[in-house]
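Colleague: A single structure is presented below for examination.
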Amino acid sequence: MAKVNRVKSRNQTNITAVFPGSFDPFTKGHADIVERALAIFDRVIVGVLHNPSKTYLFEEQERVALIAKHFERLGDRVAVESFSGLLVDFVARTGSRVVLRGLRAVSDFDYEAQMALVNRRLAPQVETLFLTSREEHSYISSSVVKQVATLGGDVSEMVPAIINQALKRLYRHRAK
Ligand code: ADP
């Protein structure tokens with residue numbers, strides 16, 4: 001009888017994807033990428049980049065805490081960790097081989113493709129996969145959120161509720 005090579009079922013492999021970014025702040029566009037990735041991967045690790053030479057609106061640990069709180073309901077399927085240095089080193093530490101990135105428009109593509117190529121040179125075993133943003137999220141970016149929130153505008157359509165609260169606290173505090 002012919003031997004059948006079975007395709008491994010999802011239960012036999014546990015695939016974790018790493019979703020890296022600055023997330024300053026985390027938006028509904030980012031949250032949607034994580035949620036849709038969970039339909040494909042067993043776990044997603046949100047990697048919060050800390051670049052010591054950059055100034056952030058939210059400190060590293062605050063970004064981590066806010067994102068973790070947002071995904072609390074999903075238990076251990078979503079982990080949030082900060083990292084600095086090379087993305088491929090962080091990915092290696094997690095044991096994952098998948099980097100997940102989001103694409104909003106053609107304008108994202110050049111930079112994203114370049115980073116994916118650099119990362120492949122550095123770590124050929126790591127694949128970068130892209131999810132396109134939902135149409136209704138394609139206008140959302142962390143910098144637009146910051147610009148609108150700084151001027152006292154409503155960003156509740158653009159960020160998860162917990163981030164919206166944190167932004168309000170921050171700007172109320174700054175206004176004093
Ligand atoms: P970085 O500083 O690494 O670009 P960001 O926090 O700005 O980090 O974005 C992280 C990832 O999320 C990037 O791949 C970016 O293209 C993607 N992204 C940003 N905004 C959205 C959005 N509205 N919808 C889908 N993906 C997004």
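Just remember, in the structure tokens the first chain shown is A, the second B, etc., residues are 1-based per chain, and ligands are 1-based in the order shown.
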As number ranges by chain, which residues of chain A does DSSP assign to strand (DSSP E)?
Modeller: A: 16-21, 43-49, 78-83, 98-103, 127-132
Colleague: Kindly compile the residues surrounding ligand 1 within 9 Å, counting only C-alpha atoms and all ligand atoms, and format them as an NGL selection string.
Modeller: :A and (19-33 or 48-49 or 100-105 or 108-109 or 111-112 or 130-143 or 158)
Colleague: Just write the chosen residues, N, CA and C atoms, as a tab-separated table (two decimals), in the first residue's frame.
Modeller:
```tsv
chain	number	residue	atom	x	y	z
A	19	PHE	N	5.57	40.22	16.23
A	19	PHE	CA	5.10	41.46	15.59
A	19	PHE	C	5.86	42.62	16.24
A	20	PRO	N	6.91	43.11	15.55
A	20	PRO	CA	7.72	44.16	16.15
A	20	PRO	C	7.28	45.56	15.72
A	21	GLY	N	7.54	46.53	16.56
A	21	GLY	CA	7.24	47.92	16.20
A	21	GLY	C	7.54	48.86	17.35
A	22	SER	N	7.37	50.14	17.07
A	22	SER	CA	7.57	51.12	18.14
A	22	SER	C	6.31	51.22	19.00
A	23	PHE	N	5.16	51.12	18.34
A	23	PHE	CA	3.87	51.15	19.04
A	23	PHE	C	3.77	52.32	20.00
A	24	ASP	N	4.10	53.49	19.50
A	24	ASP	CA	4.12	54.71	20.34
A	24	ASP	C	3.12	55.73	19.80
A	25	PRO	N	1.83	55.55	20.03
A	25	PRO	CA	1.22	54.45	20.77
A	25	PRO	C	0.69	53.34	19.84
A	26	PHE	N	0.24	52.26	20.49
A	26	PHE	CA	-0.40	51.12	19.83
A	26	PHE	C	-1.76	51.58	19.32
A	27	THR	N	-2.08	51.27	18.06
A	27	THR	CA	-3.33	51.76	17.46
A	27	THR	C	-4.28	50.59	17.16
A	28	LYS	N	-5.47	50.94	16.71
A	28	LYS	CA	-6.43	49.89	16.31
A	28	LYS	C	-5.90	49.13	15.10
A	29	GLY	N	-5.10	49.80	14.27
A	29	GLY	CA	-4.48	49.12	13.12
A	29	GLY	C	-3.54	48.02	13.59
A	30	HIS	N	-2.72	48.33	14.59
A	30	HIS	CA	-1.80	47.32	15.15
A	30	HIS	C	-2.60	46.17	15.79
A	31	ALA	N	-3.61	46.55	16.57
A	31	ALA	CA	-4.40	45.53	17.30
A	31	ALA	C	-5.05	44.56	16.31
A	32	ASP	N	-5.51	45.10	15.19
A	32	ASP	CA	-6.18	44.28	14.19
A	32	ASP	C	-5.21	43.28	13.55
A	33	ILE	N	-3.97	43.73	13.34
A	33	ILE	CA	-2.96	42.82	12.76
A	33	ILE	C	-2.74	41.65	13.73
A	48	VAL	N	8.11	45.23	21.50
A	48	VAL	CA	8.08	46.69	21.61
A	48	VAL	C	9.52	47.21	21.56
A	49	LEU	N	9.82	47.92	20.47
A	49	LEU	CA	11.19	48.38	20.25
A	49	LEU	C	11.54	49.56	21.15
A	100	LEU	N	6.22	39.38	11.66
A	100	LEU	CA	4.98	39.85	11.07
A	100	LEU	C	5.02	41.36	10.98
A	101	ARG	N	4.64	41.90	9.82
A	101	ARG	CA	4.55	43.35	9.68
A	101	ARG	C	3.25	43.70	8.98
A	102	GLY	N	2.82	44.93	9.16
A	102	GLY	CA	1.59	45.37	8.53
A	102	GLY	C	1.90	46.30	7.36
A	103	LEU	N	1.06	46.24	6.34
A	103	LEU	CA	1.23	47.15	5.19
A	103	LEU	C	-0.06	47.94	5.01
A	104	ARG	N	0.06	49.26	5.02
A	104	ARG	CA	-1.13	50.09	4.81
A	104	ARG	C	-1.29	50.47	3.36
A	105	ALA	N	-0.20	50.90	2.75
A	105	ALA	CA	-0.28	51.42	1.38
A	105	ALA	C	1.05	51.14	0.70
A	108	ASP	N	4.26	52.19	2.33
A	108	ASP	CA	4.93	51.38	3.37
A	108	ASP	C	5.89	50.37	2.75
A	109	PHE	N	5.62	50.03	1.49
A	109	PHE	CA	6.28	48.86	0.92
A	109	PHE	C	7.80	48.97	0.81
A	111	TYR	N	10.13	50.67	2.43
A	111	TYR	CA	10.83	50.52	3.70
A	111	TYR	C	10.71	49.09	4.23
A	112	GLU	N	9.49	48.57	4.17
A	112	GLU	CA	9.24	47.23	4.72
A	112	GLU	C	10.02	46.16	3.94
A	130	PHE	N	3.68	39.63	5.67
A	130	PHE	CA	2.93	40.89	5.74
A	130	PHE	C	1.43	40.65	5.73
A	131	LEU	N	0.76	41.39	6.56
A	131	LEU	CA	-0.70	41.43	6.48
A	131	LEU	C	-1.09	42.84	6.07
A	132	THR	N	-1.99	42.94	5.10
A	132	THR	CA	-2.43	44.28	4.71
A	132	THR	C	-3.45	44.77	5.72
A	133	SER	N	-3.43	46.07	5.94
A	133	SER	CA	-4.35	46.62	6.94
A	133	SER	C	-5.77	46.60	6.39
A	134	ARG	N	-6.70	46.62	7.29
A	134	ARG	CA	-8.10	46.80	6.87
A	134	ARG	C	-8.23	48.19	6.29
A	135	GLU	N	-9.13	48.32	5.32
A	135	GLU	CA	-9.35	49.62	4.69
A	135	GLU	C	-9.59	50.72	5.72
A	136	GLU	N	-10.43	50.40	6.71
A	136	GLU	CA	-10.81	51.44	7.67
A	136	GLU	C	-9.67	51.81	8.63
A	137	HIS	N	-8.59	51.02	8.59
A	137	HIS	CA	-7.44	51.34	9.45
A	137	HIS	C	-6.28	51.91	8.66
A	138	SER	N	-6.43	52.00	7.35
A	138	SER	CA	-5.27	52.32	6.53
A	138	SER	C	-4.79	53.77	6.70
A	139	TYR	N	-5.64	54.61	7.28
A	139	TYR	CA	-5.22	56.01	7.51
A	139	TYR	C	-4.59	56.19	8.89
A	140	ILE	N	-4.62	55.15	9.69
A	140	ILE	CA	-4.15	55.30	11.08
A	140	ILE	C	-2.66	55.04	11.20
A	141	SER	N	-1.97	55.98	11.84
A	141	SER	CA	-0.56	55.75	12.18
A	141	SER	C	-0.33	56.32	13.57
A	142	SER	N	0.71	55.85	14.23
A	142	SER	CA	1.02	56.36	15.57
A	142	SER	C	1.27	57.86	15.50
A	143	SER	N	1.93	58.32	14.43
A	143	SER	CA	2.24	59.76	14.38
A	143	SER	C	0.99	60.61	14.18
A	158	MET	N	-9.28	55.66	16.65
A	158	MET	CA	-7.98	55.20	16.12
A	158	MET	C	-7.21	54.28	17.07
```
Colleague: Nearest to Thr128 in chain A among A:Leu170, A:Ala116, A:Val88, A:Val148, with distances taken over only C-alpha atoms: which residue is it?
Modeller: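 Of all the options, A:Ala116 lies closest to Thr128 in chain A.
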Colleague: Based on DSSP run over this structure's backbone, return all residues of chain A in helix (DSSP H, G or I), as a VMD selection string.
Modeller: chain A and resid 10 to 12 28 to 37 60 to 70 72 to 77 87 to 94 106 to 122 135 to 137 142 to 150 161 to 175
Colleague: Here is a test: counting only C-alpha atoms, which residue of A:Glu81, A:Asn164, A:His70, A:Tyr171 is nearest to Leu151 in chain A?
Modeller: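 Going through A:Glu81, A:Asn164, A:His70, A:Tyr171 one by one, the smallest distance to Leu151 in chain A is for A:Tyr171.
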Colleague: Rank nothing, just name the residue among A:Ile162, A:Val144, A:Ala113, A:Val98 nearest to Ala65 in chain A, using only C-alpha atoms.
Modeller: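 Answer, going by the shortest atom-to-atom distance: A:Ile162.
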Colleague: Would you mind telling me which residue in A:Lys146, A:Leu122, A:Phe71, A:Gln61 lies nearest to Glu35 in chain A when using only C-alpha atoms?
Modeller: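 Smallest separation from Glu35 in chain A among the options: A:Phe71.
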Colleague: Hey, which of A:Gly75, A:Gly85, A:Gly153, A:Gly47 ends up closest to Val99 in chain A? Count only C-alpha atoms.
Modeller: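 Ranking A:Gly75, A:Gly85, A:Gly153, A:Gly47 by distance to Val99 in chain A, first place goes to A:Gly47.
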Colleague: So how far away is CA of Glu72 in chain A from CA of Val46 in chain A, in Å?
Modeller: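 Separation between CA of Val46 in chain A and CA of Glu72 in chain A: 12.9 Å.
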Colleague: Pick from A:Ile15, A:Met115, A:Leu66, A:Leu38: nearest to Val159 in chain A, with only C-alpha atoms counted?
Modeller: A:Leu66
Colleague: Show which residues sit within 12 Å of Ala92 in chain A, as a ChimeraX atom specification. Count only C-alpha atoms, and ignore same-chain residues fewer than 6 positions away.
Modeller: /A:16-18,83,86,98-99,119,122-127
